[in-house]
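The structure file input_22.txt is reproduced below (compact mmCIF, C-alpha atoms).
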```txt
# COMPACT_ATOMS: atom_id res chain seq x y z
CA MET A 1 43.12 95.85 119.20
CA PHE A 2 44.59 99.11 117.95
CA PRO A 3 48.29 99.81 117.99
CA SER A 4 49.47 102.33 120.50
CA PRO A 5 50.18 105.91 119.38
CA THR A 6 53.88 105.32 120.06
CA ARG A 7 53.92 102.28 117.79
CA CYS A 8 52.11 104.25 115.10
CA LEU A 9 54.72 106.96 115.35
CA TRP A 10 57.53 104.43 115.00
CA LEU A 11 55.85 102.73 112.07
CA SER A 12 55.20 105.99 110.27
CA SER A 13 58.80 107.07 110.88
CA LEU A 14 60.05 103.77 109.53
CA VAL A 15 57.87 104.03 106.43
CA GLY A 16 59.03 107.62 105.94
CA LEU A 17 62.64 106.54 106.26
CA LEU A 18 62.21 103.74 103.74
CA LEU A 19 60.47 106.07 101.32
CA SER A 20 63.17 108.68 101.65
CA CYS A 21 65.81 106.03 100.93
CA ALA A 22 63.88 104.84 97.90
CA ARG A 23 63.21 108.40 96.79
CA PRO A 24 66.16 110.46 97.98
CA TYR A 25 65.03 113.56 96.09
CA ALA A 26 61.49 113.55 97.44
CA ALA A 27 62.58 115.05 100.75
CA LEU A 28 64.41 117.97 99.18
CA GLN A 29 63.03 121.45 99.73
CA ALA A 30 62.96 123.98 96.92
CA ILE A 31 64.83 127.17 97.72
CA PRO A 32 65.23 130.47 95.85
CA GLY A 33 68.47 131.47 94.19
CA ASP A 34 70.43 130.72 91.08
CA ALA A 35 72.80 127.91 90.25
CA ALA A 36 75.53 129.97 88.65
CA CYS A 37 77.98 129.14 91.44
CA VAL A 38 78.22 125.50 90.38
CA GLN A 39 79.89 126.62 87.15
CA GLN A 40 83.10 127.03 89.13
CA PHE A 41 83.31 123.24 89.34
CA ARG A 42 83.22 122.73 85.59
CA PRO A 43 86.71 121.31 84.86
CA THR A 44 88.88 123.35 82.52
CA PHE A 45 90.72 120.52 80.84
CA ARG A 46 93.64 121.55 78.65
CA ASN A 47 95.66 118.43 77.88
CA GLU A 48 95.40 116.01 80.80
CA LEU A 49 96.33 112.34 80.86
CA TYR A 50 94.68 110.06 83.41
CA LYS A 51 95.38 106.51 84.43
CA ALA A 52 92.05 104.79 84.08
CA GLN A 53 90.68 101.81 85.91
CA ILE A 54 87.38 100.30 84.87
CA ASP A 55 85.61 97.74 87.02
CA LEU A 56 82.73 95.93 85.47
CA VAL A 57 80.87 93.04 87.08
CA GLY A 58 83.98 91.63 88.73
CA ARG A 59 86.30 92.26 85.82
CA SER A 60 88.96 94.89 85.72
CA LEU A 61 90.31 96.85 82.78
CA GLY A 62 93.03 99.48 82.82
CA GLY A 63 94.09 102.09 80.33
CA LEU A 64 94.98 105.72 79.69
CA LEU A 65 92.42 108.48 79.20
CA LEU A 66 93.44 111.69 77.48
CA ILE A 67 91.19 114.74 77.76
CA LYS A 68 92.30 117.54 75.47
CA THR A 69 90.76 120.86 74.52
CA MET A 70 91.36 121.53 70.85
CA PRO A 71 91.95 124.94 69.19
CA ASP A 72 88.29 125.00 68.08
CA ARG A 73 87.30 124.62 71.78
CA SER A 74 85.98 121.12 71.28
CA THR A 75 87.00 118.54 73.87
CA ARG A 76 88.44 115.22 72.80
CA VAL A 77 88.28 112.20 75.08
CA VAL A 78 90.54 109.38 73.97
CA PHE A 79 90.89 106.02 75.71
CA THR A 80 93.82 103.74 74.93
CA SER A 81 95.40 100.64 76.35
CA GLU A 82 98.64 101.15 78.28
CA THR A 83 100.32 99.12 75.58
CA GLY A 84 99.02 101.15 72.69
CA PRO A 85 95.75 100.32 70.95
CA THR A 86 93.14 103.09 70.83
CA PHE A 87 89.67 102.08 71.97
CA PHE A 88 87.76 105.24 71.22
CA ASP A 89 88.12 108.91 70.41
CA PHE A 90 85.08 111.04 71.25
CA ASP A 91 84.62 114.65 70.21
CA PHE A 92 82.46 116.94 72.36
CA ALA A 93 81.87 120.18 70.46
CA PRO A 94 81.25 123.47 72.29
CA ASP A 95 77.76 123.74 70.72
CA GLY A 96 76.72 120.48 72.42
CA ALA A 97 77.26 118.25 69.40
CA PHE A 98 78.87 114.85 69.85
CA ARG A 99 80.90 112.92 67.30
CA VAL A 100 82.61 109.58 67.42
CA ARG A 101 85.94 110.24 65.74
CA TYR A 102 87.00 106.65 66.16
CA VAL A 103 85.79 103.60 67.96
CA MET A 104 87.29 100.17 67.80
CA ASN A 105 85.11 97.95 65.69
CA ARG A 106 84.41 95.58 68.55
CA LEU A 107 83.22 98.46 70.74
CA ASN A 108 81.05 100.02 68.10
CA ARG A 109 77.71 99.36 69.73
CA ARG A 110 75.08 101.95 70.51
CA PRO A 111 74.57 100.96 74.21
CA VAL A 112 78.29 101.19 74.86
CA ILE A 113 78.72 104.55 73.15
CA ASN A 114 75.62 106.01 74.77
CA VAL A 115 76.67 105.05 78.28
CA LEU A 116 80.22 106.33 77.82
CA ARG A 117 79.03 109.55 76.19
CA SER A 118 76.63 110.20 79.05
CA ASP A 119 79.32 109.52 81.65
CA PHE A 120 81.87 111.83 80.08
CA GLU A 121 79.29 114.57 79.66
CA LEU A 122 78.82 114.46 83.42
CA ILE A 123 82.57 114.83 83.96
CA LEU A 124 82.72 117.71 81.52
CA MET A 125 79.54 119.19 83.07
CA ARG A 126 78.20 119.79 79.61
CA ASN A 127 74.75 121.04 78.71
CA LEU A 128 74.06 122.28 82.24
CA ALA A 129 72.61 125.77 81.76
CA PRO A 130 72.42 127.54 85.15
CA GLU A 131 69.55 129.78 84.05
CA LYS A 132 67.38 126.68 83.63
CA ALA A 133 68.36 125.10 86.94
CA THR A 134 66.29 124.91 90.09
CA LEU A 135 67.73 124.82 93.60
CA PHE A 136 66.89 122.46 96.43
CA ARG A 137 68.33 121.71 99.82
CA ASN A 138 68.26 119.20 102.60
CA ASP A 139 69.80 119.54 106.05
CA SER A 140 73.38 119.93 104.93
CA LEU A 141 73.58 120.07 101.13
CA HIS A 142 72.41 122.13 98.20
CA TYR A 143 71.20 120.47 95.02
CA ALA A 144 71.23 122.32 91.70
CA ARG A 145 68.81 120.42 89.48
CA PHE A 146 69.21 120.46 85.70
CA SER A 147 66.53 118.75 83.64
CA VAL A 148 67.87 116.42 81.00
CA ASP A 149 66.35 113.81 78.75
CA LYS A 150 64.60 111.13 80.82
CA GLY A 151 65.59 112.58 84.18
CA ALA A 152 67.79 115.17 85.78
CA VAL A 153 71.36 115.97 86.73
CA TYR A 154 71.98 117.16 90.27
CA VAL A 155 75.13 119.08 91.16
CA VAL A 156 75.46 118.62 94.90
CA THR A 157 77.46 121.12 96.96
CA ASN A 158 77.73 122.22 100.54
CA THR A 159 75.38 125.00 101.57
CA ASP A 160 77.74 127.87 100.70
CA CYS A 161 78.57 126.31 97.33
CA ARG A 162 82.29 126.24 98.03
CA GLU A 163 82.73 122.50 97.87
CA LEU A 164 81.50 120.09 95.24
CA LYS A 165 80.23 116.95 96.92
CA ARG A 166 79.17 114.98 93.85
CA ILE A 167 77.25 115.04 90.62
CA GLU A 168 74.33 112.69 90.18
CA LYS A 169 72.45 111.67 87.11
CA ALA A 170 69.01 110.59 88.22
CA GLY A 171 65.99 108.86 86.84
CA LYS A 172 62.53 109.74 88.05
CA ARG A 173 63.19 108.75 91.63
CA LYS A 174 66.76 107.84 92.41
CA PRO A 175 70.33 108.34 91.26
CA LEU A 176 71.58 106.22 88.38
CA VAL A 177 75.15 107.52 88.17
CA ARG A 178 77.32 109.27 90.74
CA VAL A 179 80.40 111.29 89.75
CA LEU A 180 83.12 112.53 92.08
CA LEU A 181 85.56 115.27 91.04
CA LYS A 182 88.25 115.85 93.65
CA ASN A 183 91.42 117.83 94.34
CA TYR A 184 91.14 120.60 91.78
CA HIS A 185 94.39 122.21 90.70
CA GLN A 186 94.12 125.08 88.24
CA GLY A 187 90.62 124.01 87.37
CA VAL A 188 91.45 120.33 86.80
CA PRO A 189 90.49 117.54 89.23
CA ASP A 190 93.27 115.04 89.85
CA THR A 191 90.85 112.31 90.93
CA ILE A 192 87.65 111.39 89.14
CA GLY A 193 85.20 108.62 89.93
CA ILE A 194 82.14 107.43 88.05
CA SER A 195 79.87 104.92 89.69
CA HIS A 196 76.72 103.42 88.19
CA GLN A 197 74.10 102.64 90.79
CA ASN A 198 71.96 100.15 88.90
CA PHE A 199 74.72 97.80 87.88
CA LYS A 200 78.35 97.24 88.79
CA PHE A 201 80.24 99.61 86.55
CA GLU A 202 82.85 102.02 87.87
CA ILE A 203 85.49 104.20 86.25
CA SER A 204 88.34 105.62 88.32
CA LEU A 205 90.70 108.22 86.90
CA LYS A 206 93.94 109.47 88.46
CA LEU A 207 95.85 112.34 86.89
CA LEU A 208 99.33 111.40 85.63
CA VAL A 209 102.29 113.75 85.80
CA ARG A 210 103.95 113.71 82.39
CA MET B 1 85.32 109.78 60.47
CA ARG B 2 84.41 106.12 60.48
CA LYS B 3 80.87 105.14 59.77
CA ILE B 4 79.14 103.84 62.87
CA LEU B 5 76.73 100.95 62.82
CA PHE B 6 74.35 100.94 65.73
CA PHE B 7 72.31 98.29 67.44
CA SER B 8 68.77 99.34 68.10
CA PHE B 9 68.41 98.41 71.79
CA PRO B 10 70.34 100.62 74.18
CA LYS B 11 69.87 98.34 77.16
CA VAL B 12 72.12 98.24 80.19
CA GLN B 13 72.44 94.46 79.82
CA ASN B 14 73.70 94.98 76.30
CA PHE B 15 76.31 97.40 77.53
CA ARG B 16 77.61 95.01 80.15
CA GLU B 17 77.70 92.04 77.82
CA VAL B 18 79.29 93.96 74.99
CA ILE B 19 81.98 95.41 77.24
CA VAL B 20 82.94 92.05 78.72
CA ARG B 21 82.77 90.09 75.51
CA GLU B 22 84.20 92.63 73.14
CA VAL B 23 86.52 94.70 75.29
CA VAL B 24 87.71 93.15 78.50
CA VAL B 25 88.78 89.82 77.08
CA PRO B 26 90.13 91.04 73.72
CA GLU B 27 91.83 93.99 75.35
CA VAL B 28 93.97 91.70 77.42
CA GLY B 29 94.79 90.00 74.17
CA ALA B 30 95.81 93.33 72.72
CA ARG B 31 98.17 93.89 75.59
CA LEU B 32 99.85 90.62 74.84
CA PHE B 33 99.73 90.98 71.15
CA TRP B 34 102.96 92.75 70.45
CA LEU B 35 104.99 90.82 72.99
CA PRO B 36 105.88 87.93 70.71
CA PHE B 37 107.66 90.36 68.47
CA SER B 38 109.90 91.29 71.32
CA PHE B 39 111.24 87.78 71.26
CA LEU B 40 112.81 88.81 68.04
CA LEU B 41 114.96 91.43 69.69
CA LEU B 42 117.94 89.64 68.38
CA SER B 43 116.51 88.53 65.16
CA LEU B 44 113.66 90.35 63.48
CA VAL B 45 112.36 93.73 62.38
CA THR B 46 109.27 95.66 61.05
CA THR B 47 108.21 97.32 57.78
CA GLN B 48 105.70 99.64 56.20
CA ALA B 49 103.40 99.23 53.22
CA GLN B 50 105.33 101.61 51.03
CA HIS B 51 108.58 102.21 52.78
CA PRO B 52 110.78 105.02 51.59
CA GLY B 53 114.41 104.00 51.47
CA TYR B 54 113.63 100.29 51.51
CA LYS B 55 113.44 97.84 48.66
CA PRO B 56 112.10 94.27 48.60
CA LEU B 57 114.51 91.75 50.03
CA THR B 58 116.61 90.10 47.35
CA ASN B 59 117.97 87.16 49.34
CA ALA B 60 115.03 85.91 51.35
CA THR B 61 116.59 82.54 52.00
CA ALA B 62 119.66 84.00 53.68
CA PHE B 63 117.51 86.27 55.82
CA ARG B 64 115.24 83.41 56.83
CA GLU B 65 118.17 81.23 57.83
CA ALA B 66 119.90 83.99 59.78
CA PHE B 67 116.68 84.93 61.50
CA THR B 68 115.87 81.37 62.47
CA THR B 69 119.39 80.73 63.72
CA THR B 70 119.46 83.91 65.79
CA ALA B 71 116.09 83.16 67.33
CA ARG B 72 117.19 79.67 68.27
CA ASN B 73 120.38 80.96 69.86
CA THR B 74 118.60 83.58 71.95
CA ARG B 75 118.08 82.21 75.43
CA SER B 76 117.30 85.46 77.23
CA ILE B 77 116.88 89.20 76.67
CA LYS B 78 117.03 92.06 79.12
CA SER B 79 116.19 95.50 77.85
CA GLU B 80 114.62 98.86 78.51
CA PHE B 81 111.99 100.28 76.24
CA ILE B 82 110.45 103.59 75.26
CA GLN B 83 106.88 103.51 74.00
CA GLU B 84 105.49 106.38 71.95
CA LYS B 85 101.79 106.33 71.25
CA ASN B 86 100.96 108.77 68.47
CA LEU B 87 97.39 110.03 68.33
CA SER B 88 97.31 111.15 64.75
CA MET B 89 94.25 113.39 64.78
CA LEU B 90 95.21 115.15 67.99
CA SER B 91 98.88 115.76 67.20
CA GLU B 92 99.52 114.17 70.56
CA LYS B 93 102.25 111.81 71.70
CA LEU B 94 101.93 109.70 74.85
CA VAL B 95 105.34 108.53 76.03
CA SER B 96 105.92 105.77 78.55
CA ARG B 97 109.00 103.83 79.64
CA GLY B 98 109.78 100.55 81.24
CA LYS B 99 111.81 97.37 81.41
CA PHE B 100 111.55 94.15 79.49
CA TRP B 101 112.79 90.62 80.16
CA PHE B 102 112.48 87.48 78.05
CA LYS B 103 113.60 83.97 78.82
CA LYS B 104 113.07 80.75 76.95
CA GLU B 105 110.69 79.07 76.78
CA ALA B 106 107.95 81.67 76.41
CA GLN B 107 108.56 83.66 79.57
CA VAL B 108 108.14 87.42 79.44
CA ARG B 109 108.11 90.17 82.02
CA MET B 110 107.17 93.68 80.97
CA GLU B 111 107.16 96.45 83.51
CA TYR B 112 106.03 100.01 82.79
CA THR B 113 107.61 102.41 85.24
CA GLN B 114 106.79 105.89 83.86
CA PRO B 115 104.47 107.73 84.00
CA PHE B 116 102.46 104.85 85.49
CA GLN B 117 103.13 101.50 87.14
CA TYR B 118 102.00 98.46 85.22
CA LEU B 119 103.30 94.90 85.21
CA MET B 120 102.64 92.01 82.88
CA VAL B 121 104.16 88.56 83.23
CA ILE B 122 103.69 85.71 80.79
CA ASN B 123 104.87 82.26 81.72
CA LYS B 124 103.98 79.83 78.96
CA SER B 125 100.17 79.77 79.06
CA GLU B 126 99.82 81.73 82.33
CA VAL B 127 99.44 85.50 82.38
CA LEU B 128 99.62 87.89 85.32
CA ILE B 129 98.66 91.56 85.01
CA ARG B 130 99.20 93.89 87.97
CA ASP B 131 97.69 97.32 87.53
CA GLY B 132 97.98 99.37 90.70
CA GLN B 133 96.38 97.29 93.44
CA LYS B 134 94.53 95.08 90.97
CA GLU B 135 95.80 91.72 89.80
CA ASN B 136 94.39 89.68 86.95
CA ARG B 137 95.43 86.12 86.23
CA LEU B 138 94.35 84.32 83.13
CA SER B 139 95.28 81.59 80.74
CA THR B 140 96.21 82.06 77.12
CA GLN B 141 94.22 78.90 76.45
CA SER B 142 90.98 80.61 77.50
CA ASN B 143 90.06 81.93 74.08
CA LYS B 144 90.95 81.85 70.43
CA LEU B 145 92.83 85.14 70.40
CA PHE B 146 95.04 84.03 73.25
CA ARG B 147 95.75 80.77 71.49
CA GLN B 148 96.77 82.66 68.37
CA ILE B 149 99.08 84.81 70.42
CA ASN B 150 100.54 81.78 72.09
CA ASN B 151 101.16 80.19 68.72
CA LEU B 152 102.82 83.37 67.61
CA VAL B 153 105.10 83.30 70.64
CA ILE B 154 106.18 79.81 69.74
CA ASP B 155 106.63 80.77 66.10
CA CYS B 156 108.84 83.67 67.07
CA VAL B 157 110.91 81.73 69.55
CA GLN B 158 111.41 78.96 67.04
CA GLY B 159 112.05 81.39 64.23
CA THR B 160 109.11 80.17 62.17
CA VAL B 161 107.04 83.35 62.31
CA LEU B 162 107.81 84.06 58.68
CA ASP B 163 105.63 81.07 57.86
CA SER B 164 102.82 81.99 60.28
CA PRO B 165 99.36 81.51 58.80
CA ASP B 166 98.09 84.39 60.95
CA PHE B 167 100.06 87.00 59.00
CA SER B 168 101.07 87.84 55.52
CA VAL B 169 104.74 88.70 55.72
CA ARG B 170 106.88 90.93 53.52
CA VAL B 171 110.51 91.74 54.11
CA TYR B 172 112.38 94.78 52.81
CA GLU B 173 115.89 96.05 53.26
CA ASN B 174 118.13 99.05 53.00
CA PRO B 175 121.92 99.08 53.47
CA ALA B 176 121.66 99.08 57.26
CA GLN B 177 118.38 97.40 58.18
CA PHE B 178 115.78 94.84 57.35
CA LEU B 179 112.16 95.83 57.53
CA VAL B 180 109.61 93.10 58.22
CA GLU B 181 106.00 93.91 57.50
CA LEU B 182 103.38 91.72 59.17
CA THR B 183 99.76 92.12 58.11
CA PRO B 184 97.22 90.28 60.25
CA VAL B 185 94.99 87.83 58.44
CA ALA B 186 92.66 86.91 61.31
CA LYS B 187 89.68 89.22 61.86
CA ASN B 188 90.18 89.61 65.60
CA MET B 189 93.78 90.70 65.11
CA LYS B 190 92.79 93.08 62.33
CA SER B 191 90.58 94.96 64.77
CA PHE B 192 93.67 95.90 66.76
CA PHE B 193 96.35 96.28 64.12
CA LYS B 194 96.51 97.18 60.47
CA THR B 195 100.18 96.32 60.07
CA ILE B 196 103.18 95.71 62.28
CA LEU B 197 106.56 96.94 61.16
CA ILE B 198 109.77 95.67 62.68
CA GLN B 199 113.13 97.31 62.01
CA VAL B 200 116.07 94.90 62.35
CA ASP B 201 119.72 95.82 62.48
CA LYS B 202 121.63 94.05 59.73
CA LYS B 203 124.79 93.90 61.83
CA ASP B 204 123.52 91.61 64.54
CA TYR B 205 119.89 90.90 63.63
CA THR B 206 118.62 92.76 66.69
CA VAL B 207 115.28 94.53 66.68
CA LEU B 208 115.62 98.29 66.74
CA LYS B 209 111.97 99.36 66.70
CA ILE B 210 108.51 97.87 66.52
CA ASP B 211 105.79 100.00 64.99
CA LEU B 212 102.21 98.88 65.63
CA ARG B 213 99.86 100.61 63.20
CA GLU B 214 96.19 100.68 64.01
CA PRO B 215 93.09 100.93 61.84
CA SER B 216 92.43 104.38 63.36
CA GLY B 217 95.61 105.83 61.86
CA ASP B 218 97.27 105.93 65.28
CA ASN B 219 100.43 103.98 65.91
CA THR B 220 102.60 102.82 68.78
CA LEU B 221 106.36 102.85 68.35
CA LEU B 222 108.47 100.73 70.67
CA THR B 223 112.17 101.40 70.83
CA PHE B 224 114.42 98.98 72.69
CA VAL B 225 117.53 100.35 74.35
CA ASN B 226 120.32 99.00 76.56
CA LYS B 227 119.75 95.45 75.37
CA GLU B 228 121.57 92.52 76.95
CA VAL B 229 121.32 89.10 75.40
CA ASN B 230 121.78 85.70 76.99
CA VAL B 231 122.37 87.07 80.46
CA PRO B 232 121.23 84.94 83.43
CA LEU B 233 117.69 85.85 84.53
CA PRO B 234 116.18 84.43 87.73
CA ASP B 235 112.98 82.41 87.38
CA ALA B 236 111.40 84.57 90.07
CA LEU B 237 110.99 87.33 87.49
CA PHE B 238 108.51 85.20 85.60
CA VAL B 239 106.22 83.90 88.31
CA ALA B 240 102.70 84.34 86.97
CA LYS B 241 100.67 82.15 89.32
```

I'd like the structure from this file rewritten - as structure tokens, please.
Amino acid sequence: MFPSPTRCLWLSSLVGLLLSCARPYAALQAIPGDAACVQQFRPTFRNELYKAQIDLVGRSLGGLLLIKTMPDRSTRVVFTSETGPTFFDFDFAPDGAFRVRYVMNRLNRRPVINVLRSDFELILMRNLAPEKATLFRNDSLHYARFSVDKGAVYVVTNTDCRELKRIEKAGKRKPLVRVLLKNYHQGVPDTIGISHQNFKFEISLKLLVR
Amino acid sequence: MRKILFFSFPKVQNFREVIVREVVVPEVGARLFWLPFSFLLLSLVTTQAQHPGYKPLTNATAFREAFTTTARNTRSIKSEFIQEKNLSMLSEKLVSRGKFWFKKEAQVRMEYTQPFQYLMVINKSEVLIRDGQKENRLSTQSNKLFRQINNLVIDCVQGTVLDSPDFSVRVYENPAQFLVELTPVAKNMKSFFKTILIQVDKKDYTVLKIDLREPSGDNTLLTFVNKEVNVPLPDALFVAK
């Protein structure tokens, strides 16, 4: 007995839905245009201090995160405990170079530094050259795709590129990290969220008034 | 720049394990680390390796006796504090303020009020940390670092910190102040602090400032102001369960 055409339609729709969930970028349609407009969302950090909250597999860790642009235009990202001790001091140079100025001995592990470096590069929107980007869209959003090592970074906006929805770092098929930058004032977001999709690791930043 | 030693496997599992083992647990320890020195508000002080204006203490016995006596006579402390975190390579100073309470035996409440809200309560072996909407409760008996801190608390309260095996201790003086220099001996404490310097007022043996110096070259300076000693403090301040 063969299934009815209606059942086939339902089944194919269901399979399509599951595939689109598993591969959220597969349904995107390429569109012409350039991605220069997303540059407006690149934060212009000067000397901002954020209250940081890190949630990792059920554990919680707080601290202070300073993001400061130095006279040589490099950006320093420093994380300290509220009570004093410095955990790390990362230096992101304008030419794309990265240096660890300091990292607490106990944190000095390549996996830790690599993950944190990658996350902060998303916040800083570094190494995203608009001339190398390709544009996609779905029903309601535009995706500016930037190829990076082992995947891509998508800057997701509304269709007129006036509102940043999120930034996603993706593997071959699905997002690995989602970044939210909200409530820009003079080029600086007052709320920042980083969420890893493949394991429970989240960083929340709230701008402090000093 | 410090030399970095890398592992060779950048796996997500490694990241999670390293963070929990090496950061989350020790970091809570770091938060607690300087608190024992606050017990010395009436009695102790800090020092530097080479300290301009200070000379080695000539009468160590008298200092030790006075310190021990003052510590034993201190039943409670109520104070405000100003914390200045100096980021040496960035020429940046992060300033925060708050309130501090201590009550024998081994009860501490520390509340940051500006520019962020942060509460830490220690009641003997119980610790409560409230950070925004998040609350963490833990026991100082849960790991070695906590136990060392707990021992330090007891040493400070009893006035025996000068004999602590966890630190090498040097004491200096100038006409107005003592300067106590504590250098951690234990490896886990060394990762947080290079030296701890405590300035003590010679007039009344109260702590003026605590300077926590880190391996990075950064330091955190705590200044206690508006101190009140042996005032009644309700137990409700120190509920950590």

Would you please work out which residue, of B:Leu162, B:Tyr112, B:Gln141, B:Thr195, is nearest to Asp218 of chain B when using only C-alpha atoms?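 Of the candidates, the smallest distance to Asp218 of chain B is held by B:Thr195.
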
Could the residues of chain A that have an atom at most 6 Å from chain B be listed as JSON lines, each with its closest atom pair and the distance in Å to one decimal, counting all atoms listed in the file and ordered by chain and ascending residue number?
```
{"residue": "A:Thr83", "atom": "CA", "partner": "B:Arg31", "partner_atom": "CA", "distance": 5.7}
{"residue": "A:Gly84", "atom": "CA", "partner": "B:Thr220", "partner_atom": "CA", "distance": 5.6}
{"residue": "A:Arg101", "atom": "CA", "partner": "B:Met1", "partner_atom": "CA", "distance": 5.3}
{"residue": "A:Arg106", "atom": "CA", "partner": "B:Glu22", "partner_atom": "CA", "distance": 5.5}
{"residue": "A:Arg109", "atom": "CA", "partner": "B:Phe6", "partner_atom": "CA", "distance": 5.5}
{"residue": "A:Arg110", "atom": "CA", "partner": "B:Phe6", "partner_atom": "CA", "distance": 4.9}
{"residue": "A:Pro111", "atom": "CA", "partner": "B:Pro10", "partner_atom": "CA", "distance": 4.2}
{"residue": "A:Val112", "atom": "CA", "partner": "B:Phe15", "partner_atom": "CA", "distance": 5.0}
```

Shell around Pro94 of chain A at 8 Å using all atoms listed in the file, local window under 4 positions removed, as a ChimeraX atom specification: /A:73-75

Mind pulling up the distance from atom CA of Arg76 of chain A to atom CA of Leu164 of chain A? 24.0 Å

Counting all atoms listed in the file, the residue of A:Leu208, A:Leu176, A:Leu181, A:Leu28 that sits nearest Tyr50 of chain A: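 That would be A:Leu208, the residue with the smallest distance to Tyr50 of chain A.
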
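Taking only C-alpha atoms into account, the protein, DNA and RNA residues within 7 Å of (113.0, 96.9, 81.7) read B:Lys78, B:Ser79, B:Glu80, B:Phe81, B:Gly98, B:Lys99, B:Phe100, B:Trp101, B:Met110, B:Glu111.
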
Using all atoms listed in the file, which residue out of B:Lys209, B:Lys203, B:Lys124, B:Lys227 lies closest to Lys241 of chain B? B:Lys124

For each of A:Phe199, A:Val57, A:Leu128, A:Pro43, take the minimum atom-to-atom distance to Asn183 of chain A, counting all atoms listed in the file, then give the residue where this is smallest. A:Pro43

Figure out the distance between atom CA of Gln197 of chain A and atom CA of Leu135 of chain A, please, to one decimal in Å.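 If I compute the distance from atom CA of Leu135 of chain A to atom CA of Gln197 of chain A, I get 23.2 Å.
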
Extract, using all atoms listed in the file, all DNA, RNA and protein residues at most 8 Å from segment 185-190 of chain A, discarding same-chain residues fewer than 2 positions from it, and format them as a PDB file with C-alpha atoms, in the frame of the given file.
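For reference, around_33.pdb as written:
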```pdb
ATOM      1  CA  PHE A  41      83.310 123.240  89.340  1.00  0.00           C
ATOM      2  CA  ARG A  42      83.220 122.730  85.590  1.00  0.00           C
ATOM      3  CA  PRO A  43      86.710 121.310  84.860  1.00  0.00           C
ATOM      4  CA  THR A  44      88.880 123.350  82.520  1.00  0.00           C
ATOM      5  CA  PHE A  45      90.720 120.520  80.840  1.00  0.00           C
ATOM      6  CA  LEU A 181      85.560 115.270  91.040  1.00  0.00           C
ATOM      7  CA  LYS A 182      88.250 115.850  93.650  1.00  0.00           C
ATOM      8  CA  ASN A 183      91.420 117.830  94.340  1.00  0.00           C
ATOM      9  CA  ILE A 192      87.650 111.390  89.140  1.00  0.00           C
ATOM     10  CA  LEU A 205      90.700 108.220  86.900  1.00  0.00           C
ATOM     11  CA  LYS A 206      93.940 109.470  88.460  1.00  0.00           C
ATOM     12  CA  LEU A 207      95.850 112.340  86.890  1.00  0.00           C
TER      13      LEU A 207
END
```

Atom CA of Asp139 of chain A to atom CA of Ala26 of chain A: how many Å, to one decimal?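 Computed distance, atom CA of Asp139 of chain A to atom CA of Ala26 of chain A, equals 13.4 Å.
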
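Distances to Gly58 of chain A were evaluated for A:Lys200, A:Ile167, A:Ser140, A:Val38 using only C-alpha atoms, and the minimum falls at A:Lys200.
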
Which is closer to Asn226 of chain B than all the others in B:Thr140, B:Ile82, B:Leu57, B:Arg170, using all atoms listed in the file? B:Ile82

Residues within 6 Å of Gly193 of chain A, please, as number ranges by chain. Count all atoms listed in the file; anything in the same chain fewer than 2 positions from it doesn't count. A: 179-180, 203-204
